[in-house]
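**Student:** If you scroll down you'll find the structure; I have some questions about it.
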Amino acid sequence: MSCDLPVNAFDERLLALLRCPLTRSPLRKEGDWLIAEEGGLAYPIRDGIPVLLPEEARLPEGVKSLDELKQKLPRR
Amino acid sequence: MNALSSMPQSSEVLRVLQSRSATRAFYNRISSFYDLLSDRSETPMREAALRLLAAAEGERILEIGFGTGHCLVALARSVGPTGKVSGIDLSDSMVELARKNLAHEHLLARVDLICGDACSLPYPDNSLDAVLMCFTLELFDTPEIPTVLRQCLRVLRPGGRLVVASITKTQPRGWALQAYEWTHRHFPNLLDCRPIYVRRAVAESGFSIRRTIHMKKWIPVAIVLGTKRAQEDHVSPEPQERGKKGV
């Protein structure tokens, strides 16, 4: 197949198919990070692989812990 | 035999005491020789599970816990160039290995792989035609099993299929099952999975059971096909990690 991607490439079309595992909000790509629309957790893309584990995500500015972020999120 | 005879004759499913990060580290460590440990014994069950799932051209399919990616390759061939296969695994080393195997088969363009946790699937509601889990559900601790299955129900479209292959408990337990449970109980780091009541778990999570196949590696295995009922077009349980308050 001629449409093969390089092994360690992140396919940006994947963004439409993924959600933040914590808030289920869409994600946007910024460099090597996927940022959740709601809550602002930043999930790393390592060697082209999205790591969608809240425990491994970068917290948004001003938030000290994942528990604090969970408390701040609105009820659904 | 003394050890076996002293085991409790319990019908209860054993707990999984290993933490998620320990499980992740374990599979990262063994990824390079995982196929040597599991491939021969699991291959007939994986093939039966794939036949039961019957992936069709153009479908969007998720495999949870894909390991080195044998089923991903088969699924990618079945869905063809118009379909899409997604894979989620807790171990980033497994993701890397599976990606290399898919690239070798020139199938990478049909498959999206991510590292994540099935207790909180990072996919939209009602977005998938089918979900496959082969020898993965029994790795989750007992309270997490319904959480994982309800997540599957959430991401499947109405009428969507779930196939789960798992080592299964039987009554009465045979000697092999007793030995297996004894090993899990005493050496949980060596044998991290344990037999569960897989058909019952799938049914109790809201799926309609369509078929169950019983096989044996050296302990009993059940392969269950369930479907999401048509009226359940939006099942949205709260993510487990948000705690009691929910959000």
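Following the order of the structure tokens, first chain is A, next is B, and so on, with residues numbered from 1 inside each chain and ligands from 1 in the order they appear.
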Determine which residues of chain A DSSP labels as helix (DSSP H, G or I) from the backbone of this structure, then write them out as a list in words.
**Tutor:**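 Checking each residue of chain A, the helix (DSSP H, G or I) ones are Glu12, Arg13, Leu14, Leu15, Ala16, Leu17, Pro54, Glu55, Glu56, Leu66, Asp67, Glu68, Leu69, Lys70, Gln71 and Lys72 of chain A.
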**Student:** Which residues, written as a CSV table (one decimal) with N, CA and C atoms, in the first residue's frame, have at least one atom at most 7 Å from region 66-70 of chain B, with only C-alpha atoms counted and residues fewer than 5 positions away on the same chain left out?
**Tutor:**
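Result written to out13.csv:
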```csv
chain,number,residue,atom,x,y,z
B,87,GLY,N,-6.9,0.3,18.5
B,87,GLY,CA,-6.4,-0.6,19.5
B,87,GLY,C,-6.0,0.2,20.7
B,88,ILE,N,-6.3,-0.3,21.9
B,88,ILE,CA,-5.9,0.3,23.2
B,88,ILE,C,-5.2,-0.7,24.0
B,89,ASP,N,-4.1,-0.3,24.6
B,89,ASP,CA,-3.4,-1.3,25.5
B,89,ASP,C,-2.7,-0.4,26.6
B,94,MET,N,4.0,-2.8,24.3
B,94,MET,CA,3.1,-3.6,23.5
B,94,MET,C,2.7,-2.7,22.3
B,97,LEU,N,5.4,-2.5,19.8
B,97,LEU,CA,5.6,-3.8,19.1
B,97,LEU,C,4.5,-4.1,18.1
B,98,ALA,N,3.3,-3.8,18.5
B,98,ALA,CA,2.2,-4.1,17.6
B,98,ALA,C,2.3,-3.1,16.4
B,101,ASN,N,4.7,-4.6,14.0
B,101,ASN,CA,4.1,-5.7,13.3
B,101,ASN,C,3.2,-5.3,12.2
```
**Student:** So how many Å separate CA of Arg99 (chain B) and CA of Arg13 (chain A), to one decimal?
**Tutor:**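 CA of Arg13 (chain A) lies 17.0 Å from CA of Arg99 (chain B).
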**Student:** Residues at most 9 Å from region 50-54 of chain A, counting only C-alpha atoms, excluding those fewer than 5 positions away in the same chain, as an NGL selection string?
**Tutor:** (:A and (10 or 19-22 or 32-34 or 41-45 or 59 or 66)) or (:B and (90 or 92 or 113-117 or 122))
**Student:** With chain A as the partner and 10 Å as the cut-off, tabulate the residues of chain B that qualify, each row holding the nearest pair of atoms and their distance in Å to one decimal, using only C-alpha atoms, sorted by chain and rising number, as JSON lines.
**Tutor:**
```
{"residue": "B:Ser21", "atom": "CA", "partner": "A:Glu55", "partner_atom": "CA", "distance": 9.9}
{"residue": "B:Pro81", "atom": "CA", "partner": "A:Met1", "partner_atom": "CA", "distance": 9.8}
{"residue": "B:Ser86", "atom": "CA", "partner": "A:Leu17", "partner_atom": "CA", "distance": 9.2}
{"residue": "B:Ile88", "atom": "CA", "partner": "A:Leu52", "partner_atom": "CA", "distance": 9.5}
{"residue": "B:Asp89", "atom": "CA", "partner": "A:Val51", "partner_atom": "CA", "distance": 9.8}
{"residue": "B:Leu90", "atom": "CA", "partner": "A:Leu53", "partner_atom": "CA", "distance": 8.8}
{"residue": "B:Ser91", "atom": "CA", "partner": "A:Val51", "partner_atom": "CA", "distance": 9.8}
{"residue": "B:Asp92", "atom": "CA", "partner": "A:Val51", "partner_atom": "CA", "distance": 8.0}
{"residue": "B:Val95", "atom": "CA", "partner": "A:Ile49", "partner_atom": "CA", "distance": 7.7}
{"residue": "B:Glu96", "atom": "CA", "partner": "A:Ile49", "partner_atom": "CA", "distance": 8.0}
{"residue": "B:Arg99", "atom": "CA", "partner": "A:Val7", "partner_atom": "CA", "distance": 6.8}
{"residue": "B:Lys100", "atom": "CA", "partner": "A:Val7", "partner_atom": "CA", "distance": 6.8}
{"residue": "B:Asn101", "atom": "CA", "partner": "A:Val7", "partner_atom": "CA", "distance": 9.9}
{"residue": "B:Leu102", "atom": "CA", "partner": "A:Val7", "partner_atom": "CA", "distance": 9.0}
{"residue": "B:Ala103", "atom": "CA", "partner": "A:Val7", "partner_atom": "CA", "distance": 6.5}
{"residue": "B:His104", "atom": "CA", "partner": "A:Val7", "partner_atom": "CA", "distance": 9.5}
{"residue": "B:Glu105", "atom": "CA", "partner": "A:Met1", "partner_atom": "CA", "distance": 9.7}
{"residue": "B:His106", "atom": "CA", "partner": "A:Met1", "partner_atom": "CA", "distance": 6.3}
{"residue": "B:Leu107", "atom": "CA", "partner": "A:Asp4", "partner_atom": "CA", "distance": 7.3}
{"residue": "B:Leu108", "atom": "CA", "partner": "A:Asp4", "partner_atom": "CA", "distance": 6.2}
{"residue": "B:Ala109", "atom": "CA", "partner": "A:Asp4", "partner_atom": "CA", "distance": 5.3}
{"residue": "B:Arg110", "atom": "CA", "partner": "A:Asp4", "partner_atom": "CA", "distance": 8.8}
{"residue": "B:Val111", "atom": "CA", "partner": "A:Leu14", "partner_atom": "CA", "distance": 9.8}
{"residue": "B:Asp112", "atom": "CA", "partner": "A:Leu14", "partner_atom": "CA", "distance": 7.1}
{"residue": "B:Leu113", "atom": "CA", "partner": "A:Ile49", "partner_atom": "CA", "distance": 6.9}
{"residue": "B:Ile114", "atom": "CA", "partner": "A:Pro50", "partner_atom": "CA", "distance": 5.3}
{"residue": "B:Cys115", "atom": "CA", "partner": "A:Val51", "partner_atom": "CA", "distance": 4.7}
{"residue": "B:Gly116", "atom": "CA", "partner": "A:Leu52", "partner_atom": "CA", "distance": 5.0}
{"residue": "B:Asp117", "atom": "CA", "partner": "A:Leu53", "partner_atom": "CA", "distance": 6.8}
{"residue": "B:Ala118", "atom": "CA", "partner": "A:Pro21", "partner_atom": "CA", "distance": 9.4}
{"residue": "B:Cys119", "atom": "CA", "partner": "A:Pro21", "partner_atom": "CA", "distance": 9.0}
{"residue": "B:Ser120", "atom": "CA", "partner": "A:Pro21", "partner_atom": "CA", "distance": 5.4}
{"residue": "B:Leu121", "atom": "CA", "partner": "A:Pro21", "partner_atom": "CA", "distance": 5.8}
{"residue": "B:Pro122", "atom": "CA", "partner": "A:Pro21", "partner_atom": "CA", "distance": 4.4}
{"residue": "B:Tyr123", "atom": "CA", "partner": "A:Leu18", "partner_atom": "CA", "distance": 4.9}
{"residue": "B:Pro124", "atom": "CA", "partner": "A:Arg19", "partner_atom": "CA", "distance": 6.2}
{"residue": "B:Asp125", "atom": "CA", "partner": "A:Arg24", "partner_atom": "CA", "distance": 9.1}
{"residue": "B:Ser127", "atom": "CA", "partner": "A:Leu17", "partner_atom": "CA", "distance": 8.2}
{"residue": "B:Leu128", "atom": "CA", "partner": "A:Leu17", "partner_atom": "CA", "distance": 9.9}
{"residue": "B:Glu238", "atom": "CA", "partner": "A:Arg76", "partner_atom": "CA", "distance": 8.5}
{"residue": "B:Pro239", "atom": "CA", "partner": "A:Leu22", "partner_atom": "CA", "distance": 6.6}
{"residue": "B:Gln240", "atom": "CA", "partner": "A:Leu22", "partner_atom": "CA", "distance": 8.9}
{"residue": "B:Glu241", "atom": "CA", "partner": "A:Leu22", "partner_atom": "CA", "distance": 7.6}
{"residue": "B:Arg242", "atom": "CA", "partner": "A:Lys70", "partner_atom": "CA", "distance": 6.1}
{"residue": "B:Gly243", "atom": "CA", "partner": "A:Lys70", "partner_atom": "CA", "distance": 8.5}
{"residue": "B:Lys245", "atom": "CA", "partner": "A:Arg75", "partner_atom": "CA", "distance": 7.9}
{"residue": "B:Gly246", "atom": "CA", "partner": "A:Arg75", "partner_atom": "CA", "distance": 6.1}
{"residue": "B:Val247", "atom": "CA", "partner": "A:Arg75", "partner_atom": "CA", "distance": 3.2}
```
**Student:** For the residues in that selection, give me C-alpha atoms as a PDB file, in the first residue's frame.
**Tutor:**
```pdb
ATOM      1  CA  SER B  21       1.076   0.678  37.273  1.00  0.00           C
ATOM      2  CA  PRO B  81      -9.243   0.032   3.139  1.00  0.00           C
ATOM      3  CA  SER B  86      -8.531   1.042  16.853  1.00  0.00           C
ATOM      4  CA  ILE B  88      -5.909   0.345  23.163  1.00  0.00           C
ATOM      5  CA  ASP B  89      -3.365  -1.264  25.488  1.00  0.00           C
ATOM      6  CA  LEU B  90      -2.026  -0.283  28.892  1.00  0.00           C
ATOM      7  CA  SER B  91       1.545  -1.181  27.941  1.00  0.00           C
ATOM      8  CA  ASP B  92       3.401   1.293  25.729  1.00  0.00           C
ATOM      9  CA  VAL B  95       1.825  -0.603  21.464  1.00  0.00           C
ATOM     10  CA  GLU B  96       5.256  -0.118  19.955  1.00  0.00           C
ATOM     11  CA  ARG B  99       2.822  -0.945  15.511  1.00  0.00           C
ATOM     12  CA  LYS B 100       5.990  -2.488  14.097  1.00  0.00           C
ATOM     13  CA  ASN B 101       4.144  -5.718  13.264  1.00  0.00           C
ATOM     14  CA  LEU B 102       1.374  -3.773  11.498  1.00  0.00           C
ATOM     15  CA  ALA B 103       3.925  -1.731   9.567  1.00  0.00           C
ATOM     16  CA  HIS B 104       5.611  -4.975   8.489  1.00  0.00           C
ATOM     17  CA  GLU B 105       2.239  -6.146   7.113  1.00  0.00           C
ATOM     18  CA  HIS B 106       1.650  -2.732   5.436  1.00  0.00           C
ATOM     19  CA  LEU B 107      -1.553  -2.311   7.460  1.00  0.00           C
ATOM     20  CA  LEU B 108      -0.639   0.632   9.675  1.00  0.00           C
ATOM     21  CA  ALA B 109      -2.810   3.081   7.724  1.00  0.00           C
ATOM     22  CA  ARG B 110      -5.945   1.164   8.752  1.00  0.00           C
ATOM     23  CA  VAL B 111      -5.103   0.965  12.457  1.00  0.00           C
ATOM     24  CA  ASP B 112      -4.911   3.580  15.247  1.00  0.00           C
ATOM     25  CA  LEU B 113      -3.087   2.549  18.394  1.00  0.00           C
ATOM     26  CA  ILE B 114      -3.097   4.303  21.717  1.00  0.00           C
ATOM     27  CA  CYS B 115      -1.869   3.640  25.220  1.00  0.00           C
ATOM     28  CA  GLY B 116      -4.784   3.849  27.664  1.00  0.00           C
ATOM     29  CA  ASP B 117      -7.018   2.192  30.248  1.00  0.00           C
ATOM     30  CA  ALA B 118     -10.203   0.294  29.330  1.00  0.00           C
ATOM     31  CA  CYS B 119     -11.880   1.448  32.564  1.00  0.00           C
ATOM     32  CA  SER B 120     -12.230   4.819  30.863  1.00  0.00           C
ATOM     33  CA  LEU B 121     -12.217   4.364  27.097  1.00  0.00           C
ATOM     34  CA  PRO B 122     -11.136   7.515  25.228  1.00  0.00           C
ATOM     35  CA  TYR B 123     -13.679   7.108  22.418  1.00  0.00           C
ATOM     36  CA  PRO B 124     -17.020   8.844  21.757  1.00  0.00           C
ATOM     37  CA  ASP B 125     -20.393   7.252  22.624  1.00  0.00           C
ATOM     38  CA  SER B 127     -18.972   5.303  17.674  1.00  0.00           C
ATOM     39  CA  LEU B 128     -17.923   1.669  17.037  1.00  0.00           C
ATOM     40  CA  GLU B 238     -19.842   8.279  34.734  1.00  0.00           C
ATOM     41  CA  PRO B 239     -16.093   7.699  34.438  1.00  0.00           C
ATOM     42  CA  GLN B 240     -15.027   5.691  37.469  1.00  0.00           C
ATOM     43  CA  GLU B 241     -12.113   7.875  38.479  1.00  0.00           C
ATOM     44  CA  ARG B 242     -14.253  10.941  39.074  1.00  0.00           C
ATOM     45  CA  GLY B 243     -15.341   9.469  42.389  1.00  0.00           C
ATOM     46  CA  LYS B 245     -19.550  13.123  43.327  1.00  0.00           C
ATOM     47  CA  GLY B 246     -19.348  12.617  39.578  1.00  0.00           C
ATOM     48  CA  VAL B 247     -18.972  15.601  37.309  1.00  0.00           C
TER      49      VAL B 247
END
```
